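Okay, structure first, notes after.
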Amino acid sequence: MSAIGVVSSCSCLRPGVWLLKPGMQKMSSFGLHTAARCAAKEYYEVLVLGGGTGGITMSARMKRKVGAGNVAVVEPSKTHYYQPLWTLVGGGAKQLATSARPTGSVMPKGVEWIKSQVTALDPDKNCVWLENDIKISYKYLIIALGISLHYEKIKGLPEGFHHPKIGSNYSVHTVEKTWKALQDFKEGNAIFTFPNTPVKCAGAPQKIMYLSEAYWRKTGKRSKANIMFNTSLGVIFGVKKYAGALLEIIKERNIAVNYKRNLVEVRADKQEAVFENLDKPGVTEVHQYEMLHVTPPMGPPNVLINSPVSDEIGWVDVDKETLQHKKYPNVFGIGDCTNLPTSKTAAAVAAQSGVLDKTISLVMKNQLPTKKYDGYTSCPLVTGYNKVILAEFDYDGQPLETFPIDQSKERVTMYHMKADMMPFLYWNALLK
């Protein structure tokens with residue numbers, strides 16, 4: 001996947017109107033795989049898998065189309081998190097509790113919340129299987145299962161998080177450890193990593209690095225910190241305009257960037273991080289650290305691997321313009337679990353939800369989808385405690401900016417949008 005494609009979700013929800021593009025070409029076949037209506041609680045007109053950003057947003061939209069009683073969401077988690085805030089939690093600028101709400105409080109009123117885990121999908125029979133061999137049938141299926149974290153693919157993790165000086169903003173269990181490691185820093189190497197897999201919000205590993213640098217400047221420890229960004233990628237960011245701005249910041253703040261370096265082991269008892277050199281197979285290098293921020297390898301949820309709805313890797317195989325499944329016309333995907341060649345961010349989900357809403361409306365009328373998703377996504381690149389570069393771009397990595405200003409410049413206004421306005425809009429607008 002390209003550097004652009006691997007850029008969970010940043011927080012910017014585009015304030016403008018989603019772009020409308022010309023209608024798509026005719027599809028060769030448009031027969032729906034519909035199921036006979038089963039008894040109550042065994043069949044729903046619209047079944048949504050996943051209660052994250054995409055799942056809650058689409059269930060709210062579907063409620064208005066078919067009625068709350070005809071929509072169900074399968075989600076095992078009792079708590080819903082606004083994860084883009086975790087960058088600021090790890091940097092000590094926000095409290096973890098402000099990112100969380102009970103799942104029941106964000107579930108659209110009247111929509112059935114099925115508190116279970118999906119164990120298998122059978123799109124040929126229009127049904128899914130849940131825990132305890134429970135079968136649920138549907139007329140339309142929306143898959144919004146997100147992305148899975150795989151700390152265990154790094155030797156020494158996740159058990160290494162029991163030691164001090166190591167954290168990760170990607171997990172609710174480790175984000176506060178990042179702030180603790182940041183505060184406890186004395187002198188030495190501060191290492192920030194980026195894995196050799198697609199990730200959600202690929203800007204986040206850099207954001208915490210810039211916040212850490214700013215914190216140590218503020219507390220008089222900067223001269224004692226050797227800050228390193230070890231990334232598996234060959235570029236700092238996939239969009240040239242913003243990459244140039246970031247490289248200027250990196251040079252100005254004396255940060256070392258090591259490309260094509262992938263974290264493979266953490267020896268937390270010795271405070272050592274082992275990286276493989278992706279340009280030299282089999283060659284590794286060991287770095288001592290005083291602070292380590294880990295961005296874990298990520299991948300499709302296990303239930304999607306080798307599933308009929310997924311591609312060869314495990315991502316839901318959807319049309320990149322309509323979000324309709326390439327094989328099953330009554331199946332749709334949204335967000336991090338799909339193989340859409342764009343960044344996995346909350347902003348992307350916001351843009352996708354509008355397109356998918358139109359797509360499903362037309363499919364329900366036996367018409368061809370016409371609205372096209374252009375790959376719009378956004379990543380507010382936090383570069384300090386009051387500065388943000390607002391990156392917005394499309395499938396081709398071309399800037400797709402909302403405001404009539406140069407968004408590659410650090411701005412205080414964009415920081416407040418990221419830290420204050422976007423969480424408010426998330427809870428009170430997008431999810432509803």
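In the structure tokens, the first chain shown is A, the next is B, and so on; residue numbers restart at 1 for each chain, and ligands run from 1 in the order shown.
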
Fewer than 2 positions away in the same chain doesn't count, so skip those; otherwise give me all residues within 10 Å of Ala245 in chain A, counting only C-alpha atoms, as a list of chain:residue names. A:Phe237, A:Lys240, A:Lys241, A:Tyr242, A:Ala243, A:Leu247, A:Glu248, A:Ile249, A:Ile250, A:Ile389, A:Gln407, A:Ser408, A:Lys409, A:Glu410

Going by DSSP on the backbone, which residues of range 184-282 of chain A come out as strand (DSSP E)? List them as a PyMOL selection string. chain A and resi 188-194+225-231+256-258+261-267+272-277

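Distance-wise, CA of Phe185 in chain A and CA of Tyr170 in chain A end up 20.3 Å apart.
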
Could you pull the residues within 10 Å of Tyr82 in chain A, counting only C-alpha atoms, minus those fewer than 2 positions along the same chain, as a PDB file with N, CA and C atoms, in the first residue's frame?
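As written to disk, around.pdb reads:
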```
ATOM      1  N   SER A   9      -7.376   7.000  12.416  1.00  0.00           N
ATOM      2  CA  SER A   9      -8.541   7.829  12.556  1.00  0.00           C
ATOM      3  C   SER A   9      -8.193   9.178  13.148  1.00  0.00           C
ATOM      4  N   CYS A  10      -7.829  10.080  12.265  1.00  0.00           N
ATOM      5  CA  CYS A  10      -7.636  11.461  12.653  1.00  0.00           C
ATOM      6  C   CYS A  10      -8.988  12.105  12.878  1.00  0.00           C
ATOM      7  N   SER A  11      -8.972  13.257  13.475  1.00  0.00           N
ATOM      8  CA  SER A  11     -10.233  13.786  13.975  1.00  0.00           C
ATOM      9  C   SER A  11     -10.957  14.752  13.073  1.00  0.00           C
ATOM     10  N   GLY A  52     -18.497   1.382  15.939  1.00  0.00           N
ATOM     11  CA  GLY A  52     -17.552   2.496  15.969  1.00  0.00           C
ATOM     12  C   GLY A  52     -18.114   3.682  15.206  1.00  0.00           C
ATOM     13  N   THR A  53     -17.238   4.539  14.727  1.00  0.00           N
ATOM     14  CA  THR A  53     -17.668   5.751  14.037  1.00  0.00           C
ATOM     15  C   THR A  53     -18.550   5.440  12.830  1.00  0.00           C
ATOM     16  N   HIS A  80     -17.797   3.468  23.917  1.00  0.00           N
ATOM     17  CA  HIS A  80     -17.454   4.023  22.608  1.00  0.00           C
ATOM     18  C   HIS A  80     -16.426   5.127  22.831  1.00  0.00           C
ATOM     19  N   PRO A  84      -9.438   9.850  18.115  1.00  0.00           N
ATOM     20  CA  PRO A  84      -8.534  10.939  17.715  1.00  0.00           C
ATOM     21  C   PRO A  84      -8.048  11.798  18.878  1.00  0.00           C
ATOM     22  N   LEU A  85      -8.784  11.784  19.978  1.00  0.00           N
ATOM     23  CA  LEU A  85      -8.386  12.588  21.135  1.00  0.00           C
ATOM     24  C   LEU A  85      -7.187  11.983  21.864  1.00  0.00           C
ATOM     25  N   TRP A  86      -6.897  10.709  21.606  1.00  0.00           N
ATOM     26  CA  TRP A  86      -5.831  10.029  22.344  1.00  0.00           C
ATOM     27  C   TRP A  86      -4.452  10.622  22.073  1.00  0.00           C
ATOM     28  N   LEU A  96      -8.259  11.150  29.524  1.00  0.00           N
ATOM     29  CA  LEU A  96      -8.785   9.978  28.820  1.00  0.00           C
ATOM     30  C   LEU A  96     -10.301   9.887  28.937  1.00  0.00           C
ATOM     31  N   THR A  98     -12.530  12.046  28.849  1.00  0.00           N
ATOM     32  CA  THR A  98     -13.284  12.896  27.933  1.00  0.00           C
ATOM     33  C   THR A  98     -13.457  12.258  26.559  1.00  0.00           C
ATOM     34  N   SER A  99     -12.720  11.180  26.286  1.00  0.00           N
ATOM     35  CA  SER A  99     -12.823  10.511  24.986  1.00  0.00           C
ATOM     36  C   SER A  99     -13.831   9.369  24.994  1.00  0.00           C
ATOM     37  N   ALA A 100     -14.452   9.100  26.145  1.00  0.00           N
ATOM     38  CA  ALA A 100     -15.286   7.905  26.283  1.00  0.00           C
ATOM     39  C   ALA A 100     -16.733   8.231  26.628  1.00  0.00           C
ATOM     40  N   ARG A 101     -17.636   7.448  26.055  1.00  0.00           N
ATOM     41  CA  ARG A 101     -19.044   7.489  26.424  1.00  0.00           C
ATOM     42  C   ARG A 101     -19.607   6.073  26.355  1.00  0.00           C
ATOM     43  N   ALA A 346     -11.203   9.211  10.730  1.00  0.00           N
ATOM     44  CA  ALA A 346     -12.599   9.539  10.997  1.00  0.00           C
ATOM     45  C   ALA A 346     -13.135  10.499   9.956  1.00  0.00           C
ATOM     46  N   PRO A 423     -14.217  17.281  18.532  1.00  0.00           N
ATOM     47  CA  PRO A 423     -14.889  16.373  19.472  1.00  0.00           C
ATOM     48  C   PRO A 423     -16.369  16.729  19.649  1.00  0.00           C
ATOM     49  N   TYR A 426     -18.219  15.644  16.614  1.00  0.00           N
ATOM     50  CA  TYR A 426     -18.267  14.180  16.550  1.00  0.00           C
ATOM     51  C   TYR A 426     -19.446  13.656  17.364  1.00  0.00           C
ATOM     52  N   TRP A 427     -19.521  14.061  18.627  1.00  0.00           N
ATOM     53  CA  TRP A 427     -20.570  13.548  19.513  1.00  0.00           C
ATOM     54  C   TRP A 427     -21.949  14.072  19.142  1.00  0.00           C
TER      55      TRP A 427
END
```

Quick check, in Å to one decimal: how far apart do CA of Ile147 in chain A and CA of Asp133 in chain A lie? 23.8 Å

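Between CA of Val286 in chain A and CA of Leu182 in chain A lies a distance of 21.2 Å.
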
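Taking only C-alpha atoms, the non-local environment of range 223-231 of chain A within 7 Å (same-chain residues fewer than 5 positions away omitted) comprises Glu187, Gly188, Asn189, Ala190, Ile191, Phe192, Thr193, Phe194, Pro195, Ile255, Ala256, Val257, Asn258, Tyr259, Lys260, Arg261 and Asn262 of chain A.
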
Enumerate, as a PyMOL selection string, the complete set of residues in range 67-308 of chain A that a backbone-based DSSP assignment places in alpha helix (DSSP H). chain A and resi 86-90+103-106+175-184+204-218+240-252

Would you mind telling me which residue in A:Ala144, A:Met291, A:Val199, A:Met422 lies nearest to Ser59 in chain A when using only C-alpha atoms? A:Ala144

Would you please work out which residue, of A:Thr345, A:Gln271, A:Ser310, A:Asn277, is nearest to Gly156 in chain A when using only C-alpha atoms? A:Gln271

Residue neighbourhood Tyr376 in chain A, 8 Å, only C-alpha atoms, exclusion window fewer than 6 positions, as a ChimeraX atom specification: /A:342,347-348,351,392-395,400

May I have the residues from that selection written out with all heavy atoms, as a PDB file, in the first residue's frame?
```
ATOM      1  N   THR A 342      -7.426   4.853   0.473  1.00  0.00           N
ATOM      2  CA  THR A 342      -7.248   6.167   1.083  1.00  0.00           C
ATOM      3  C   THR A 342      -6.900   5.989   2.549  1.00  0.00           C
ATOM      4  O   THR A 342      -6.879   4.870   3.062  1.00  0.00           O
ATOM      5  CB  THR A 342      -8.527   7.024   0.933  1.00  0.00           C
ATOM      6  OG1 THR A 342      -8.228   8.374   1.280  1.00  0.00           O
ATOM      7  CG2 THR A 342      -9.648   6.511   1.830  1.00  0.00           C
ATOM      8  N   ALA A 347     -12.252  11.357   9.428  1.00  0.00           N
ATOM      9  CA  ALA A 347     -12.668  12.282   8.377  1.00  0.00           C
ATOM     10  C   ALA A 347     -13.074  11.518   7.133  1.00  0.00           C
ATOM     11  O   ALA A 347     -14.038  11.880   6.447  1.00  0.00           O
ATOM     12  CB  ALA A 347     -11.536  13.244   8.058  1.00  0.00           C
ATOM     13  N   ALA A 348     -12.342  10.453   6.817  1.00  0.00           N
ATOM     14  CA  ALA A 348     -12.703   9.626   5.671  1.00  0.00           C
ATOM     15  C   ALA A 348     -14.070   8.993   5.891  1.00  0.00           C
ATOM     16  O   ALA A 348     -14.901   8.941   4.979  1.00  0.00           O
ATOM     17  CB  ALA A 348     -11.638   8.552   5.448  1.00  0.00           C
ATOM     18  N   ALA A 351     -16.828  11.499   5.229  1.00  0.00           N
ATOM     19  CA  ALA A 351     -17.056  11.686   3.796  1.00  0.00           C
ATOM     20  C   ALA A 351     -17.729  10.459   3.190  1.00  0.00           C
ATOM     21  O   ALA A 351     -18.664  10.569   2.386  1.00  0.00           O
ATOM     22  CB  ALA A 351     -15.730  11.965   3.095  1.00  0.00           C
ATOM     23  N   GLU A 392      -5.549  17.821   4.095  1.00  0.00           N
ATOM     24  CA  GLU A 392      -6.758  17.291   3.478  1.00  0.00           C
ATOM     25  C   GLU A 392      -6.415  16.924   2.037  1.00  0.00           C
ATOM     26  O   GLU A 392      -5.828  17.728   1.309  1.00  0.00           O
ATOM     27  CB  GLU A 392      -7.885  18.324   3.468  1.00  0.00           C
ATOM     28  CG  GLU A 392      -8.400  18.726   4.835  1.00  0.00           C
ATOM     29  CD  GLU A 392      -9.524  19.745   4.722  1.00  0.00           C
ATOM     30  OE1 GLU A 392      -9.235  20.909   4.348  1.00  0.00           O
ATOM     31  OE2 GLU A 392     -10.679  19.391   4.993  1.00  0.00           O
ATOM     32  N   PHE A 393      -6.808  15.723   1.601  1.00  0.00           N
ATOM     33  CA  PHE A 393      -6.405  15.286   0.267  1.00  0.00           C
ATOM     34  C   PHE A 393      -7.315  14.166  -0.234  1.00  0.00           C
ATOM     35  O   PHE A 393      -8.153  13.642   0.508  1.00  0.00           O
ATOM     36  CB  PHE A 393      -4.945  14.822   0.284  1.00  0.00           C
ATOM     37  CG  PHE A 393      -4.609  13.906   1.436  1.00  0.00           C
ATOM     38  CD1 PHE A 393      -4.663  12.536   1.299  1.00  0.00           C
ATOM     39  CD2 PHE A 393      -4.241  14.424   2.683  1.00  0.00           C
ATOM     40  CE1 PHE A 393      -4.356  11.686   2.359  1.00  0.00           C
ATOM     41  CE2 PHE A 393      -3.926  13.588   3.746  1.00  0.00           C
ATOM     42  CZ  PHE A 393      -3.990  12.216   3.582  1.00  0.00           C
ATOM     43  N   ASP A 394      -7.134  13.793  -1.529  1.00  0.00           N
ATOM     44  CA  ASP A 394      -8.003  12.809  -2.164  1.00  0.00           C
ATOM     45  C   ASP A 394      -7.259  11.518  -2.476  1.00  0.00           C
ATOM     46  O   ASP A 394      -6.114  11.321  -2.039  1.00  0.00           O
ATOM     47  CB  ASP A 394      -8.646  13.402  -3.431  1.00  0.00           C
ATOM     48  CG  ASP A 394      -7.599  13.777  -4.491  1.00  0.00           C
ATOM     49  OD1 ASP A 394      -6.423  13.342  -4.380  1.00  0.00           O
ATOM     50  OD2 ASP A 394      -7.961  14.497  -5.449  1.00  0.00           O
ATOM     51  N   TYR A 395      -7.911  10.644  -3.275  1.00  0.00           N
ATOM     52  CA  TYR A 395      -7.297   9.365  -3.634  1.00  0.00           C
ATOM     53  C   TYR A 395      -5.919   9.523  -4.276  1.00  0.00           C
ATOM     54  O   TYR A 395      -5.034   8.681  -4.101  1.00  0.00           O
ATOM     55  CB  TYR A 395      -8.198   8.621  -4.633  1.00  0.00           C
ATOM     56  CG  TYR A 395      -9.278   7.773  -4.008  1.00  0.00           C
ATOM     57  CD1 TYR A 395     -10.571   7.781  -4.540  1.00  0.00           C
ATOM     58  CD2 TYR A 395      -9.023   6.926  -2.933  1.00  0.00           C
ATOM     59  CE1 TYR A 395     -11.577   6.987  -4.002  1.00  0.00           C
ATOM     60  CE2 TYR A 395     -10.010   6.137  -2.383  1.00  0.00           C
ATOM     61  CZ  TYR A 395     -11.292   6.164  -2.925  1.00  0.00           C
ATOM     62  OH  TYR A 395     -12.278   5.386  -2.388  1.00  0.00           O
ATOM     63  N   LEU A 400      -7.015  18.695  -1.036  1.00  0.00           N
ATOM     64  CA  LEU A 400      -8.447  18.940  -1.244  1.00  0.00           C
ATOM     65  C   LEU A 400      -8.902  19.783  -0.056  1.00  0.00           C
ATOM     66  O   LEU A 400      -9.648  19.339   0.800  1.00  0.00           O
ATOM     67  CB  LEU A 400      -9.193  17.607  -1.296  1.00  0.00           C
ATOM     68  CG  LEU A 400     -10.526  17.542  -2.034  1.00  0.00           C
ATOM     69  CD1 LEU A 400     -10.359  17.919  -3.493  1.00  0.00           C
ATOM     70  CD2 LEU A 400     -11.109  16.141  -1.937  1.00  0.00           C
TER      71      LEU A 400
END
```

Please provide the set of residues having any atom within 12 Å of Gly67 in chain A, restricted to only C-alpha atoms, with same-chain residues fewer than 5 positions apart removed, written as a list of chain:residue names. A:Tyr44, A:Glu45, A:Val46, A:Ser59, A:Ala60, A:Arg61, A:Met62, A:Ala72, A:Pro108, A:Lys109, A:Gly110, A:Val111, A:Glu112

Serialized selection, N, CA, C and O atoms, as a PDB file, in the first residue's frame:
```pdb
ATOM      1  N   TYR A  44     -33.282  -8.462  10.140  1.00  0.00           N
ATOM      2  CA  TYR A  44     -33.375  -7.001  10.103  1.00  0.00           C
ATOM      3  C   TYR A  44     -33.227  -6.546   8.668  1.00  0.00           C
ATOM      4  O   TYR A  44     -32.472  -7.132   7.887  1.00  0.00           O
ATOM      5  N   GLU A  45     -33.935  -5.509   8.348  1.00  0.00           N
ATOM      6  CA  GLU A  45     -33.810  -4.984   6.990  1.00  0.00           C
ATOM      7  C   GLU A  45     -32.392  -4.464   6.755  1.00  0.00           C
ATOM      8  O   GLU A  45     -31.812  -4.689   5.698  1.00  0.00           O
ATOM      9  N   VAL A  46     -31.839  -3.791   7.766  1.00  0.00           N
ATOM     10  CA  VAL A  46     -30.450  -3.330   7.689  1.00  0.00           C
ATOM     11  C   VAL A  46     -29.704  -3.820   8.921  1.00  0.00           C
ATOM     12  O   VAL A  46     -30.096  -3.512  10.048  1.00  0.00           O
ATOM     13  N   SER A  59     -25.934   3.618  11.096  1.00  0.00           N
ATOM     14  CA  SER A  59     -27.179   3.137  11.713  1.00  0.00           C
ATOM     15  C   SER A  59     -28.144   4.291  11.933  1.00  0.00           C
ATOM     16  O   SER A  59     -29.360   4.139  11.783  1.00  0.00           O
ATOM     17  N   ALA A  60     -27.603   5.483  12.264  1.00  0.00           N
ATOM     18  CA  ALA A  60     -28.458   6.664  12.422  1.00  0.00           C
ATOM     19  C   ALA A  60     -29.086   7.052  11.082  1.00  0.00           C
ATOM     20  O   ALA A  60     -30.271   7.407  11.003  1.00  0.00           O
ATOM     21  N   ARG A  61     -28.307   6.961  10.018  1.00  0.00           N
ATOM     22  CA  ARG A  61     -28.830   7.282   8.686  1.00  0.00           C
ATOM     23  C   ARG A  61     -29.873   6.250   8.240  1.00  0.00           C
ATOM     24  O   ARG A  61     -30.901   6.596   7.658  1.00  0.00           O
ATOM     25  N   MET A  62     -29.594   4.976   8.511  1.00  0.00           N
ATOM     26  CA  MET A  62     -30.516   3.920   8.084  1.00  0.00           C
ATOM     27  C   MET A  62     -31.823   3.956   8.879  1.00  0.00           C
ATOM     28  O   MET A  62     -32.892   3.612   8.362  1.00  0.00           O
ATOM     29  N   ALA A  72     -30.354  -2.976  13.144  1.00  0.00           N
ATOM     30  CA  ALA A  72     -29.633  -3.504  14.305  1.00  0.00           C
ATOM     31  C   ALA A  72     -28.140  -3.291  14.128  1.00  0.00           C
ATOM     32  O   ALA A  72     -27.625  -3.316  12.999  1.00  0.00           O
ATOM     33  N   PRO A 108     -28.305   5.046  18.164  1.00  0.00           N
ATOM     34  CA  PRO A 108     -29.538   5.753  17.805  1.00  0.00           C
ATOM     35  C   PRO A 108     -30.750   5.167  18.527  1.00  0.00           C
ATOM     36  O   PRO A 108     -30.890   3.940  18.622  1.00  0.00           O
ATOM     37  N   LYS A 109     -31.594   6.031  19.043  1.00  0.00           N
ATOM     38  CA  LYS A 109     -32.756   5.593  19.811  1.00  0.00           C
ATOM     39  C   LYS A 109     -33.643   4.668  18.993  1.00  0.00           C
ATOM     40  O   LYS A 109     -34.027   4.975  17.869  1.00  0.00           O
ATOM     41  N   GLY A 110     -33.976   3.524  19.574  1.00  0.00           N
ATOM     42  CA  GLY A 110     -34.863   2.566  18.928  1.00  0.00           C
ATOM     43  C   GLY A 110     -34.151   1.526  18.092  1.00  0.00           C
ATOM     44  O   GLY A 110     -34.726   0.468  17.792  1.00  0.00           O
ATOM     45  N   VAL A 111     -32.903   1.795  17.699  1.00  0.00           N
ATOM     46  CA  VAL A 111     -32.119   0.818  16.943  1.00  0.00           C
ATOM     47  C   VAL A 111     -31.687  -0.302  17.885  1.00  0.00           C
ATOM     48  O   VAL A 111     -31.265  -0.054  19.011  1.00  0.00           O
ATOM     49  N   GLU A 112     -31.797  -1.535  17.434  1.00  0.00           N
ATOM     50  CA  GLU A 112     -31.449  -2.693  18.272  1.00  0.00           C
ATOM     51  C   GLU A 112     -29.933  -2.803  18.419  1.00  0.00           C
ATOM     52  O   GLU A 112     -29.202  -2.836  17.429  1.00  0.00           O
TER      53      GLU A 112
END
```
